[in-house]
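Asks: This one is model-v1.txt, compact mmCIF, C-alpha atoms.
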# COMPACT_ATOMS: atom_id res chain seq x y z
CA MET A 1399 59.95 81.33 88.19
CA PRO A 1400 61.51 78.76 90.55
CA PHE A 1401 64.84 79.40 92.22
CA LYS A 1402 67.76 77.50 90.73
CA ARG A 1403 70.73 78.49 92.90
CA PHE A 1404 70.30 77.41 96.49
CA VAL A 1405 72.35 78.00 99.60
CA GLU A 1406 73.55 74.48 100.37
CA ILE A 1407 76.65 72.66 101.49
CA GLY A 1408 79.00 72.70 98.54
CA ARG A 1409 77.54 75.72 96.73
CA VAL A 1410 80.29 77.86 95.20
CA ALA A 1411 79.77 81.58 95.74
CA LEU A 1412 81.55 84.82 94.91
CA VAL A 1413 82.32 87.26 97.71
CA ASN A 1414 80.98 90.65 96.61
CA TYR A 1415 81.87 92.87 99.56
CA GLY A 1416 84.65 93.26 102.06
CA LYS A 1417 88.22 92.17 102.49
CA ASP A 1418 87.85 89.06 100.32
CA TYR A 1419 86.08 90.85 97.49
CA GLY A 1420 86.19 88.85 94.27
CA ARG A 1421 87.16 85.53 95.84
CA LEU A 1422 85.44 82.27 94.96
CA VAL A 1423 84.43 80.41 98.12
CA VAL A 1424 82.56 77.20 98.95
CA ILE A 1425 79.77 77.11 101.54
CA VAL A 1426 80.76 74.34 103.98
CA ASP A 1427 78.17 74.96 106.69
CA VAL A 1428 75.28 77.22 107.58
CA VAL A 1429 75.66 79.04 110.91
CA ASP A 1430 72.21 80.56 111.21
CA GLN A 1431 69.62 82.40 109.15
CA ASN A 1432 72.12 85.05 108.01
CA ARG A 1433 75.55 83.53 108.07
CA ALA A 1434 77.45 80.72 106.46
CA LEU A 1435 80.79 79.12 107.09
CA VAL A 1436 82.87 79.39 103.94
CA ASP A 1437 86.19 78.03 102.85
CA ALA A 1438 88.51 78.41 99.87
CA PRO A 1439 91.87 76.90 98.91
CA ASP A 1440 94.03 79.91 99.88
CA MET A 1441 91.99 81.21 102.78
CA VAL A 1442 91.34 80.51 106.43
CA ARG A 1443 87.84 79.12 106.94
CA CYS A 1444 85.55 81.86 108.23
CA GLN A 1445 81.95 82.92 108.66
CA ILE A 1446 80.41 85.36 106.27
CA ASN A 1447 76.99 86.98 105.88
CA PHE A 1448 74.87 85.76 102.96
CA LYS A 1449 74.46 89.35 101.89
CA ARG A 1450 78.14 89.37 101.05
CA LEU A 1451 77.84 86.36 98.77
CA SER A 1452 76.66 86.01 95.21
CA LEU A 1453 75.71 82.40 94.48
CA THR A 1454 77.00 80.77 91.32
CA ASP A 1455 75.76 77.81 89.30
CA ILE A 1456 78.60 75.61 90.47
CA LYS A 1457 78.08 73.04 93.22
CA ILE A 1458 80.56 70.51 94.53
CA ASP A 1459 79.95 67.24 96.34
CA ILE A 1460 81.12 67.55 99.95
CA LYS A 1461 79.81 66.59 103.38
CA ARG A 1462 79.16 69.23 106.07
CA VAL A 1463 82.42 70.91 107.26
CA PRO A 1464 84.98 68.79 105.42
CA LYS A 1465 88.69 68.82 106.18
CA LYS A 1466 90.71 71.25 104.11
CA THR A 1467 92.40 68.49 102.13
CA THR A 1468 89.04 66.83 101.45
CA LEU A 1469 87.68 70.15 100.26
CA LEU A 1470 90.63 70.73 97.97
CA LYS A 1471 90.28 67.26 96.48
CA ALA A 1472 86.56 67.75 95.89
CA MET A 1473 87.22 71.09 94.19
CA GLU A 1474 89.79 69.43 91.94
CA GLU A 1475 87.38 66.67 90.99
CA ALA A 1476 84.57 69.10 90.22
CA ASP A 1477 87.04 71.26 88.27
CA VAL A 1478 85.66 74.44 89.83
CA LYS A 1479 88.37 76.72 88.47
CA ASN A 1480 87.90 75.78 84.84
CA LYS A 1481 84.13 75.73 85.06
CA TRP A 1482 84.24 79.22 86.52
CA GLU A 1483 86.69 80.63 84.00
CA ASN A 1484 84.68 79.24 81.09
CA SER A 1485 81.36 80.52 82.35
CA SER A 1486 80.25 83.83 80.87
CA TRP A 1487 80.21 85.44 84.32
CA GLY A 1488 83.76 84.30 85.04
CA LYS A 1489 84.94 85.40 81.60
CA LYS A 1490 83.50 88.86 82.13
CA LEU A 1491 85.38 89.24 85.41
CA ILE A 1492 88.65 88.20 83.81
CA VAL A 1493 88.20 90.79 81.06
CA GLN A 1494 87.35 93.48 83.63
CA LYS A 1495 90.52 92.69 85.57
CA ARG A 1496 92.61 92.81 82.41
CA ARG A 1497 91.15 96.15 81.36
CA ALA A 1498 91.80 97.65 84.80
CA SER A 1499 95.44 96.60 84.68
CA LEU A 1500 96.21 98.12 81.26
CA ASN A 1501 98.83 100.81 81.38
CA ASP A 1502 98.75 104.01 79.31
CA PHE A 1503 100.66 102.50 76.38
CA ASP A 1504 98.37 99.44 76.37
CA ARG A 1505 95.31 101.66 76.29
CA PHE A 1506 96.77 103.48 73.30
CA LYS A 1507 97.37 100.19 71.48
CA VAL A 1508 93.80 99.09 72.22
CA MET A 1509 92.51 102.35 70.76
CA LEU A 1510 94.53 101.78 67.58
CA ALA A 1511 93.24 98.23 67.31
CA LYS A 1512 89.63 99.37 67.74
CA ILE A 1513 90.05 101.98 65.01
CA LYS A 1514 91.54 99.32 62.73
CA VAL A 1515 88.56 97.03 63.28
CA ILE A 1516 86.06 99.80 62.58
CA LEU A 1517 87.91 100.93 59.47
CA SER A 1518 88.16 97.41 58.11
CA SER A 1519 84.45 96.86 58.66
CA ILE A 1520 83.63 100.10 56.85
CA LEU A 1521 85.92 99.44 53.93
CA ASP A 1522 84.79 95.83 53.42
CA MET B 228 140.77 114.55 130.66
CA ALA B 229 138.12 111.96 131.34
CA PRO B 230 135.27 113.26 133.52
CA THR B 231 135.18 112.09 137.12
CA SER B 232 132.70 109.31 137.62
CA LYS B 233 129.85 109.83 140.03
CA LEU B 234 128.39 107.41 142.57
CA SER B 235 125.31 109.55 142.95
CA GLN B 236 124.23 113.15 142.54
CA GLY B 237 126.97 115.23 144.08
CA ILE B 238 129.02 112.27 145.31
CA LYS B 239 132.15 111.60 143.31
CA LYS B 240 133.79 108.24 143.16
CA ALA B 241 137.36 109.49 143.59
CA SER B 242 138.63 111.48 146.57
CA ARG B 243 139.96 115.01 146.36
CA SER B 244 143.57 113.91 146.58
CA HIS B 245 143.03 111.20 144.01
CA THR B 246 141.51 113.57 141.45
CA TYR B 247 144.21 116.16 142.21
CA HIS B 248 146.82 113.62 141.26
CA ARG B 249 144.83 112.26 138.30
CA ARG B 250 144.24 115.65 136.71
CA GLY B 251 147.92 116.41 136.84
CA LEU B 252 147.46 119.61 138.83
CA TRP B 253 150.81 118.86 140.56
CA ALA B 254 152.49 118.89 137.11
CA ILE B 255 150.88 122.19 136.14
CA LYS B 256 151.97 123.72 139.45
CA ALA B 257 155.51 122.48 138.99
CA LYS B 258 155.59 123.92 135.47
CA HIS B 259 154.59 127.36 136.75
CA GLY B 260 157.02 127.46 139.67
CA GLY B 261 154.97 126.12 142.55
CA ALA B 262 151.77 128.15 142.11
CA PHE B 263 148.71 127.51 140.03
CA PRO B 264 148.54 130.02 137.14
CA LYS B 265 145.89 132.65 137.61
CA ALA B 266 144.02 134.03 134.59
CA VAL B 267 144.55 137.78 134.14
CA LYS B 268 141.30 139.65 134.49
CA THR B 269 140.97 142.18 131.70
CA ASP B 270 139.13 145.29 132.63
CA ALA B 271 136.73 144.77 129.77
CA VAL B 272 133.90 146.53 131.52
CA ALA B 273 135.78 149.85 131.91
CA ALA B 274 137.24 149.65 128.39
CA VAL B 275 133.82 149.96 126.67
CA ALA B 276 132.30 153.44 126.93
CA ALA B 277 128.80 153.57 128.42
CA PRO B 278 126.38 152.98 125.51
CA LYS B 279 124.03 155.80 124.59
CA PHE B 280 121.03 153.53 124.13
CA TYR B 281 119.76 150.63 126.17
CA PRO B 282 116.85 148.75 124.48
CA ALA B 283 113.75 148.44 126.68
CA ASP B 284 113.45 144.66 126.23
CA ASP B 285 116.15 142.06 126.14
CA VAL B 286 115.42 140.65 122.73
CA LYS B 287 117.69 138.23 120.95
CA PRO B 288 118.52 139.37 117.42
CA ARG B 289 116.96 137.16 114.73
CA GLN B 290 119.51 134.88 113.15
CA PRO B 291 119.24 133.85 109.49
CA SER B 292 118.44 130.17 109.12
CA THR B 293 121.38 127.93 108.33
CA ARG B 294 119.06 125.12 107.12
CA LYS B 295 119.88 123.95 103.62
CA PRO B 296 117.10 122.47 101.47
CA ASN B 297 117.48 118.82 100.52
CA ALA B 298 117.88 117.72 96.93
CA THR B 299 114.46 116.91 95.41
CA LYS B 300 113.72 113.22 95.84
CA LEU B 301 113.12 111.48 92.54
CA ARG B 302 110.00 109.30 92.53
CA SER B 303 110.88 105.61 92.47
CA SER B 304 108.69 105.14 89.40
CA ILE B 305 110.92 107.45 87.35
CA THR B 306 114.07 105.92 85.85
CA PRO B 307 116.07 106.97 82.78
CA GLY B 308 113.97 106.09 79.76
CA THR B 309 110.58 106.31 81.49
CA VAL B 310 107.83 107.83 79.39
CA LEU B 311 106.34 110.80 81.25
CA ILE B 312 103.10 112.67 80.56
CA LEU B 313 103.43 116.44 80.95
CA LEU B 314 100.46 117.90 82.77
CA ALA B 315 100.98 121.63 82.45
CA GLY B 316 102.57 124.24 80.27
CA ARG B 317 103.05 124.59 76.57
CA PHE B 318 103.41 120.85 76.02
CA MET B 319 100.49 119.80 78.19
CA GLY B 320 99.48 116.21 77.49
CA LYS B 321 102.60 115.35 75.54
CA ARG B 322 104.30 112.06 76.21
CA VAL B 323 108.06 112.56 76.58
CA VAL B 324 111.10 110.51 77.49
CA PHE B 325 112.91 111.14 80.80
CA LEU B 326 116.69 111.42 80.55
CA LYS B 327 118.06 112.37 83.95
CA GLN B 328 117.50 114.49 87.03
CA LEU B 329 119.49 117.73 87.15
CA LYS B 330 121.16 119.14 90.25
CA SER B 331 118.39 121.71 90.69
CA GLY B 332 115.93 118.83 91.07
CA LEU B 333 114.25 119.40 87.72
CA LEU B 334 113.91 116.55 85.27
CA LEU B 335 115.64 116.63 81.91
CA VAL B 336 113.31 115.38 79.17
CA THR B 337 113.19 115.25 75.40
CA GLY B 338 110.27 114.58 72.99
CA PRO B 339 112.18 113.41 70.96
CA PHE B 340 111.86 116.60 68.96
CA MET B 341 111.28 114.85 65.63
CA ILE B 342 108.42 112.82 67.06
CA ASN B 343 106.38 115.28 69.09
CA GLY B 344 108.08 118.69 68.98
CA VAL B 345 109.29 118.71 72.57
CA PRO B 346 112.96 119.80 72.68
CA ILE B 347 115.52 119.01 75.37
CA ARG B 348 113.77 120.67 78.24
CA ARG B 349 113.61 120.89 82.00
CA VAL B 350 110.39 119.88 83.71
CA ASN B 351 109.26 119.88 87.32
CA GLN B 352 108.48 116.52 88.84
CA ALA B 353 105.25 117.84 90.30
CA TYR B 354 103.72 118.42 86.88
CA ILE B 355 104.12 115.00 85.35
CA PHE B 356 102.57 111.54 85.38
CA ALA B 357 105.09 108.74 85.29
CA THR B 358 103.95 105.83 83.12
CA SER B 359 105.29 102.32 83.46
CA THR B 360 106.50 102.33 79.86
CA ASN B 361 110.28 102.43 79.39
CA VAL B 362 112.46 103.30 76.41
CA ASP B 363 116.01 102.05 76.05
CA VAL B 364 118.31 105.05 76.66
CA SER B 365 121.59 103.19 76.89
CA GLY B 366 122.81 104.83 73.69
CA VAL B 367 122.08 108.37 74.84
CA ASN B 368 124.73 110.65 76.36
CA VAL B 369 123.46 113.66 78.31
CA ASP B 370 126.48 114.21 80.54
CA LYS B 371 127.23 117.69 79.25
CA ILE B 372 123.72 119.07 79.74
CA GLU B 373 123.29 120.69 83.13
CA ASP B 374 121.24 123.56 84.57
CA LYS B 375 123.72 126.10 83.20
CA TYR B 376 122.83 124.95 79.66
CA PHE B 377 119.38 126.48 80.11
CA ALA B 378 120.47 129.80 81.59
CA ARG B 379 119.12 132.90 79.87
CA ASP B 380 121.48 135.17 77.97
CA LYS B 381 121.96 138.48 79.73
CA LYS B 382 120.40 141.28 77.63
CA LYS B 383 122.57 144.29 77.01
CA LYS B 384 120.63 147.54 77.37
CA ALA B 385 121.62 149.94 74.62
CA GLU B 386 121.60 153.67 75.33
CA LYS B 387 118.55 155.25 73.76
CA THR B 388 118.13 158.75 72.51
CA GLU B 389 114.93 160.65 73.21
CA ASP B 390 113.48 159.81 69.80
CA GLU B 391 114.26 156.17 70.05
CA LEU B 392 112.48 155.92 73.40
CA PHE B 393 109.18 156.66 71.75
CA GLU B 394 109.70 154.21 68.96
CA THR B 395 108.10 150.83 69.37
CA GLU B 396 110.46 148.19 70.69
CA LYS B 397 112.04 146.28 67.87
CA GLN B 398 111.27 142.64 68.43
CA THR B 399 114.67 140.99 68.30
CA THR B 400 113.79 137.38 67.66
CA LYS B 401 116.56 135.22 68.97
CA ASP B 402 117.27 132.15 66.93
CA LEU B 403 118.34 128.97 68.70
CA PRO B 404 122.12 128.76 68.72
CA GLN B 405 123.47 126.14 66.36
CA PHE B 406 125.11 124.08 69.10
CA LYS B 407 121.76 123.56 70.79
CA LYS B 408 120.23 122.28 67.57
CA GLU B 409 123.10 119.85 67.20
CA ASP B 410 122.82 118.68 70.79
CA GLN B 411 119.15 117.96 70.18
CA LYS B 412 119.96 115.90 67.11
CA ALA B 413 122.72 114.01 68.91
CA VAL B 414 120.51 113.12 71.88
CA ASP B 415 117.57 112.15 69.73
CA ALA B 416 119.45 110.00 67.22
CA ALA B 417 120.00 107.06 69.53
CA LEU B 418 116.61 107.52 71.16
CA ILE B 419 114.63 107.42 67.92
CA LYS B 420 116.36 104.19 66.94
CA ALA B 421 115.33 102.60 70.23
CA ILE B 422 111.78 103.92 69.85
CA GLU B 423 111.30 102.62 66.33
CA ALA B 424 112.28 99.17 67.53
CA VAL B 425 109.07 98.95 69.56
CA PRO B 426 105.83 98.73 67.50
CA ASP B 427 103.37 101.62 67.97
CA LEU B 428 105.69 103.46 70.39
CA LYS B 429 106.43 106.22 67.90
CA ALA B 430 102.73 106.92 67.35
CA TYR B 431 102.19 106.73 71.12
CA LEU B 432 104.80 109.40 71.80
CA GLY B 433 103.43 111.55 69.01
CA ALA B 434 99.92 111.55 70.45
CA ARG B 435 98.76 113.75 73.31
CA PHE B 436 97.20 112.31 76.44
CA SER B 437 93.72 113.40 77.49
CA LEU B 438 91.00 112.21 79.79
CA ARG B 439 87.85 110.87 78.17
CA ASP B 440 84.35 110.41 79.55
CA GLY B 441 84.33 107.71 82.17
CA ASP B 442 88.08 107.85 82.88
CA LYS B 443 88.91 107.77 86.55
CA PRO B 444 92.55 108.87 86.96
CA HIS B 445 92.77 107.57 90.51
CA ASP B 446 91.75 104.12 89.24
CA MET B 447 93.82 104.06 86.09
CA VAL B 448 97.13 102.29 85.91
CA PHE B 449 99.75 104.44 84.24
Show me, as structure tokens, the structure contained in the file I just sent.
Replies:
Amino acid sequence: MPFKRFVEIGRVALVNYGKDYGRLVVIVDVVDQNRALVDAPDMVRCQINFKRLSLTDIKIDIKRVPKKTTLLKAMEEADVKNKWENSSWGKKLIVQKRRASLNDFDRFKVMLAKIKVILSSILD
Amino acid sequence: MAPTSKLSQGIKKASRSHTYHRRGLWAIKAKHGGAFPKAVKTDAVAAVAAPKFYPADDVKPRQPSTRKPNATKLRSSITPGTVLILLAGRFMGKRVVFLKQLKSGLLLVTGPFMINGVPIRRVNQAYIFATSTNVDVSGVNVDKIEDKYFARDKKKKAEKTEDELFETEKQTTKDLPQFKKEDQKAVDAALIKAIEAVPDLKAYLGARFSLRDGDKPHDMVF
């Protein structure tokens, strides 16, 4: 079972702990054995421990520590946002967010819709 | 008279003669024929007879508090037309429509009665969840309903003879006065129209709220 997702310059990762929880970041440099320098479009570049990152399949083509504008351009060209939102992992997160934001009335409507689906499958 | 200004502790800016003139003491003297009027000392001490009892300790008598309680603050999430979930009491779990806050601080709500059986009722803000769902209450007029509307009728105690005392109390069931039934209908008429305009809202208000397995109320958005 070889590894497929490597820590490398340009690897897109998801922050899974801390203040930036849930943010997609790009690894722009490796500080040492435990830490990487990461950057994202709406964030100040900072160092983060690898334990706080979950690597994704997406990789973009950048040189070590690019300028912010260069990084943004490279992310546009690689179409990171769309690739992420169409991946099954990204889709799951979007659904989770939507479910968490439902208000009481929405939850009621969802329950009615589920019952409708079950009933229609039974009656067909 | 403006107070005399000080240069430092105990040192006044103006001289004695200056302040004498400024305070108009010469005018007061002139008014009273050359001499400063002396206050008449009343012999108040001799007038009161020596009290029989002197308390052992000098204790100040307790004064009743003059602090008035503030009007209950209405949560910012509650506006006229908000759907509330009642958390306690006979209608626990029912989803009702908020109408207005009464002077006593209680909230005036209605089911509407035809939809979930909750009449025009007062409810304490502490025992409700406020949802983010709103119903259009622009057509509803609740101006004449105040706290007095809900006051209990005073029961008249009839004189009982000895025999009657041992009889079981006759349960006098009081029927709702007709005007209250009509008020309910009037308030609900406009409301029900607004509710039926929104799909599923009528069924939503008719259903009771409950927590299911896995529900985390602190995480849920209402």
Asks: Distance cut-off 12 Å, counting all atoms listed in the file - which residues of chain A neighbour chain B? Return them as a PyMOL selection string.
Replies: chain A and resi 1495-1511
Asks: Expressed in Å to a single decimal, how great is the separation between CA of Gly320 (chain B) and CA of Tyr354 (chain B)?
Replies: 10.5 Å
Asks: Which value, in Å to one decimal, gives the distance between CA of Lys1466 (chain A) and CA of Lys1490 (chain A)?
Replies: 29.1 Å
Asks: To one decimal in Å, tell me the separation between CA of Ala421 (chain B) and CA of Val364 (chain B).
Replies: 7.5 Å
Asks: Would you pick out the contacts of Ile347 (chain B) at 7 Å or less, using only C-alpha atoms, so that residues sharing its chain but fewer than 6 positions from it are not included, and give the list as a PDB file with C-alpha atoms, in the frame of the given file?
Replies:
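Okay, selection-v4.pdb is ready:
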ATOM      1  CA  LEU B 335     115.640 116.630  81.910  1.00  0.00           C
ATOM      2  CA  VAL B 336     113.310 115.380  79.170  1.00  0.00           C
ATOM      3  CA  THR B 337     113.190 115.250  75.400  1.00  0.00           C
ATOM      4  CA  GLN B 411     119.150 117.960  70.180  1.00  0.00           C
TER       5      GLN B 411
END
Asks: Counting all atoms listed in the file, which of B:Arg302, B:Lys375, B:Lys256, B:Lys265 gets nearest to Lys330 (chain B)?
Replies: B:Lys375
Asks: Assuming 3 Å of padding per side, give the centre and edge lengths of the axis-aligned box around every listed atom of region 1441-1458 of chain A, in Å to one decimal and as JSON.
Replies:
{"center_x": 83.2, "center_y": 79.9, "center_z": 99.0, "size_x": 23.5, "size_y": 24.9, "size_z": 25.4}
Asks: Neighbourhood query: residues within 10 Å of (110.9, 115.2, 68.9), file coordinates, counting only C-alpha atoms; return as a ChimeraX atom specification.
Replies: /B:323-324,337-347,411-412,415,418-419,432-433
Asks: So which one's closest to Asp1437 (chain A), A:Lys1417, A:Thr1454, A:Val1410, A:Ala1476? Using only C-alpha atoms, please.
Replies: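 Checking each candidate against Asp1437 (chain A), we get A:Val1410 as the closest.
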Asks: What's around Tyr376 (chain B) at 12 Å? Count only C-alpha atoms, leave out sequence neighbours fewer than 2 positions away in its own chain, and write the answer as a PyMOL selection string.
Replies: chain B and resi 329+335+347-349+369-374+378-380+404+406-407+410
Asks: Residues near Cys1444 (chain A), anyone? I mean within 10 Å using all atoms listed in the file, not counting same-chain ones fewer than 2 positions away, as JSON, numbers by chain.
Replies: {"A": [1426, 1434, 1435, 1436, 1437, 1438, 1441, 1442, 1446]}
Asks: I need the residues from that last selection saved to file as a PDB file, in the frame of the given file (with C-alpha atoms), if you can.
Replies:
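File written: again.pdb
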ATOM      1  CA  VAL A1426      80.760  74.340 103.980  1.00  0.00           C
ATOM      2  CA  ALA A1434      77.450  80.720 106.460  1.00  0.00           C
ATOM      3  CA  LEU A1435      80.790  79.120 107.090  1.00  0.00           C
ATOM      4  CA  VAL A1436      82.870  79.390 103.940  1.00  0.00           C
ATOM      5  CA  ASP A1437      86.190  78.030 102.850  1.00  0.00           C
ATOM      6  CA  ALA A1438      88.510  78.410  99.870  1.00  0.00           C
ATOM      7  CA  MET A1441      91.990  81.210 102.780  1.00  0.00           C
ATOM      8  CA  VAL A1442      91.340  80.510 106.430  1.00  0.00           C
ATOM      9  CA  ILE A1446      80.410  85.360 106.270  1.00  0.00           C
TER      10      ILE A1446
END
